[in-house]
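A.B. asks: Can you keep this structure in mind? I'll have questions shortly.
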Amino acid sequence: MKISGFEEKDFISLRERLKNSSIESASGASDASQGNRPEVNAHSSEIPEHGVELPKFSQRLALAVALMHVAIGDREIQDEENRYIVNMFKDSPALLKEAHSIYKSMPCEQFFDLIAAHDFLERQQKLCILANMIEIAMIDGAYHSTEQRVVELFMDRCGVSRGDFDAILSTLLVKNDLSAFS
């Protein structure tokens, strides 16, 4: 990714804040994730107990599936959300197809449990997924409560702290606030 020197200073500051913040324990990460969760059309009986085999289950695939789950959090995928996902994985149509298959067959709770149980995402990868989940949730101009619950569920199951969330959210809010130019 190319960024200007001005943006680099902001990203370095954000990266340092994220590195310095601690990961909360799964039990204290988010009480809100224990509430009502969005329903996702899925047929979990089609997936073995632990889902897909890990050698085929890449970190990029985890990102794609997570984005699909948050995009449907408000019950419909907007054109902007679809474009975001397709553009991110335009070089990997097979990965996108596999991600869609997993998304359709595995509810987000089971998917996030799978990620957490196998602990194959590094901290920076979890933060990248979180940032993209927040970005796609806000892309249609609203951060719906059902999308928030999916994001909080990811944080809870994968051990991402509220401090990390707050740092990412505040950066994205500044980045996307174009009213400063009107």
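Within each chain, counting starts at residue 1; across the structure tokens, chains are named A, B, ... in the order shown, with ligands numbered 1 upward in that order.
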Write out as a PDB file with C-alpha atoms, in the first residue's frame all residues of range 63-125 of chain A that backbone DSSP assigns to helix (DSSP H, G or I).
C.D. replies:
```pdb
ATOM      1  CA  LEU A  63     -10.652 -12.097   6.141  1.00  0.00           C
ATOM      2  CA  ALA A  64     -13.022 -12.666   3.212  1.00  0.00           C
ATOM      3  CA  VAL A  65     -15.475 -14.755   5.239  1.00  0.00           C
ATOM      4  CA  ALA A  66     -15.425 -12.268   8.136  1.00  0.00           C
ATOM      5  CA  LEU A  67     -16.209  -9.408   5.741  1.00  0.00           C
ATOM      6  CA  MET A  68     -19.130 -11.338   4.272  1.00  0.00           C
ATOM      7  CA  HIS A  69     -20.540 -11.975   7.729  1.00  0.00           C
ATOM      8  CA  VAL A  70     -20.395  -8.321   8.746  1.00  0.00           C
ATOM      9  CA  ALA A  71     -21.734  -7.137   5.356  1.00  0.00           C
ATOM     10  CA  ILE A  72     -24.896  -9.189   5.866  1.00  0.00           C
ATOM     11  CA  GLY A  73     -25.166  -8.014   9.475  1.00  0.00           C
ATOM     12  CA  ASP A  74     -27.826  -5.480   8.503  1.00  0.00           C
ATOM     13  CA  ASP A  79     -23.695  -2.470  -3.549  1.00  0.00           C
ATOM     14  CA  GLU A  80     -20.884  -0.595  -1.769  1.00  0.00           C
ATOM     15  CA  GLU A  81     -20.239  -3.554   0.537  1.00  0.00           C
ATOM     16  CA  ASN A  82     -20.210  -5.987  -2.372  1.00  0.00           C
ATOM     17  CA  ARG A  83     -17.770  -3.798  -4.340  1.00  0.00           C
ATOM     18  CA  TYR A  84     -15.512  -3.506  -1.279  1.00  0.00           C
ATOM     19  CA  ILE A  85     -15.221  -7.281  -0.943  1.00  0.00           C
ATOM     20  CA  VAL A  86     -14.901  -7.970  -4.679  1.00  0.00           C
ATOM     21  CA  ASN A  87     -12.237  -5.269  -5.127  1.00  0.00           C
ATOM     22  CA  MET A  88     -10.238  -6.535  -2.163  1.00  0.00           C
ATOM     23  CA  PRO A  93     -11.664 -15.283  -7.623  1.00  0.00           C
ATOM     24  CA  ALA A  94     -11.221 -18.870  -6.392  1.00  0.00           C
ATOM     25  CA  LEU A  95     -10.632 -17.629  -2.838  1.00  0.00           C
ATOM     26  CA  LEU A  96     -13.728 -15.435  -3.071  1.00  0.00           C
ATOM     27  CA  LYS A  97     -15.800 -18.388  -4.273  1.00  0.00           C
ATOM     28  CA  GLU A  98     -14.497 -20.594  -1.437  1.00  0.00           C
ATOM     29  CA  ALA A  99     -15.157 -17.812   1.092  1.00  0.00           C
ATOM     30  CA  HIS A 100     -18.723 -17.470  -0.141  1.00  0.00           C
ATOM     31  CA  SER A 101     -19.242 -21.210   0.225  1.00  0.00           C
ATOM     32  CA  ILE A 102     -17.963 -21.133   3.826  1.00  0.00           C
ATOM     33  CA  TYR A 103     -20.013 -18.026   4.588  1.00  0.00           C
ATOM     34  CA  LYS A 104     -23.207 -19.688   3.342  1.00  0.00           C
ATOM     35  CA  SER A 105     -22.615 -22.890   5.300  1.00  0.00           C
ATOM     36  CA  CYS A 108     -20.564 -16.280  12.141  1.00  0.00           C
ATOM     37  CA  GLU A 109     -20.497 -17.648  15.693  1.00  0.00           C
ATOM     38  CA  GLN A 110     -19.194 -21.015  14.499  1.00  0.00           C
ATOM     39  CA  PHE A 111     -16.767 -19.361  12.080  1.00  0.00           C
ATOM     40  CA  PHE A 112     -15.266 -17.073  14.741  1.00  0.00           C
ATOM     41  CA  ASP A 113     -15.068 -20.012  17.160  1.00  0.00           C
ATOM     42  CA  LEU A 114     -13.121 -21.922  14.503  1.00  0.00           C
ATOM     43  CA  ILE A 115     -10.664 -19.064  14.082  1.00  0.00           C
ATOM     44  CA  ALA A 116     -10.210 -18.747  17.839  1.00  0.00           C
ATOM     45  CA  ALA A 117      -9.911 -22.490  18.476  1.00  0.00           C
ATOM     46  CA  HIS A 118      -7.107 -22.930  15.973  1.00  0.00           C
ATOM     47  CA  ARG A 123      -2.359 -10.166  16.333  1.00  0.00           C
ATOM     48  CA  GLN A 124      -1.726  -7.851  13.362  1.00  0.00           C
ATOM     49  CA  GLN A 125      -3.910 -10.068  11.164  1.00  0.00           C
TER      50      GLN A 125
END
```
A.B. asks: Show which residues sit within 8 Å of Leu130 in chain A, as a list in words. Count only C-alpha atoms, and ignore same-chain residues fewer than 2 positions away.
C.D. replies: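 Close residues of Leu130 in chain A: Lys126, Leu127, Cys128, Asn132, Met133, Ile134, Val151, Phe154, Met155 and Phe165 of chain A.
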A.B. asks: Calculated over only C-alpha atoms, which of the candidates A:Ile129, A:Ser161, A:Ala137, A:Ser179 has the smallest distance to Leu61 in chain A?
C.D. replies: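 Between A:Ile129, A:Ser161, A:Ala137, A:Ser179, the residue approaching Leu61 in chain A most closely is A:Ile129.
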A.B. asks: Find the distance between CA of Val150 in chain A and CA of Gln78 in chain A and write it in Å to one decimal.
C.D. replies: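 A separation of 16.5 Å between them.
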A.B. asks: So which one's closest to Glu135 in chain A, A:Val174, A:Met106, A:Cys158, A:Leu153? Using only C-alpha atoms, please.
C.D. replies: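 Checking each of A:Val174, A:Met106, A:Cys158, A:Leu153 against Glu135 in chain A, counting only C-alpha atoms, the winner is A:Val174.
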A.B. asks: Between CA of Ser170 in chain A and CA of Phe120 in chain A, what is the distance in Å, rounded to a tenth?
C.D. replies: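 Going from CA of Ser170 in chain A over to CA of Phe120 in chain A covers 27.2 Å.
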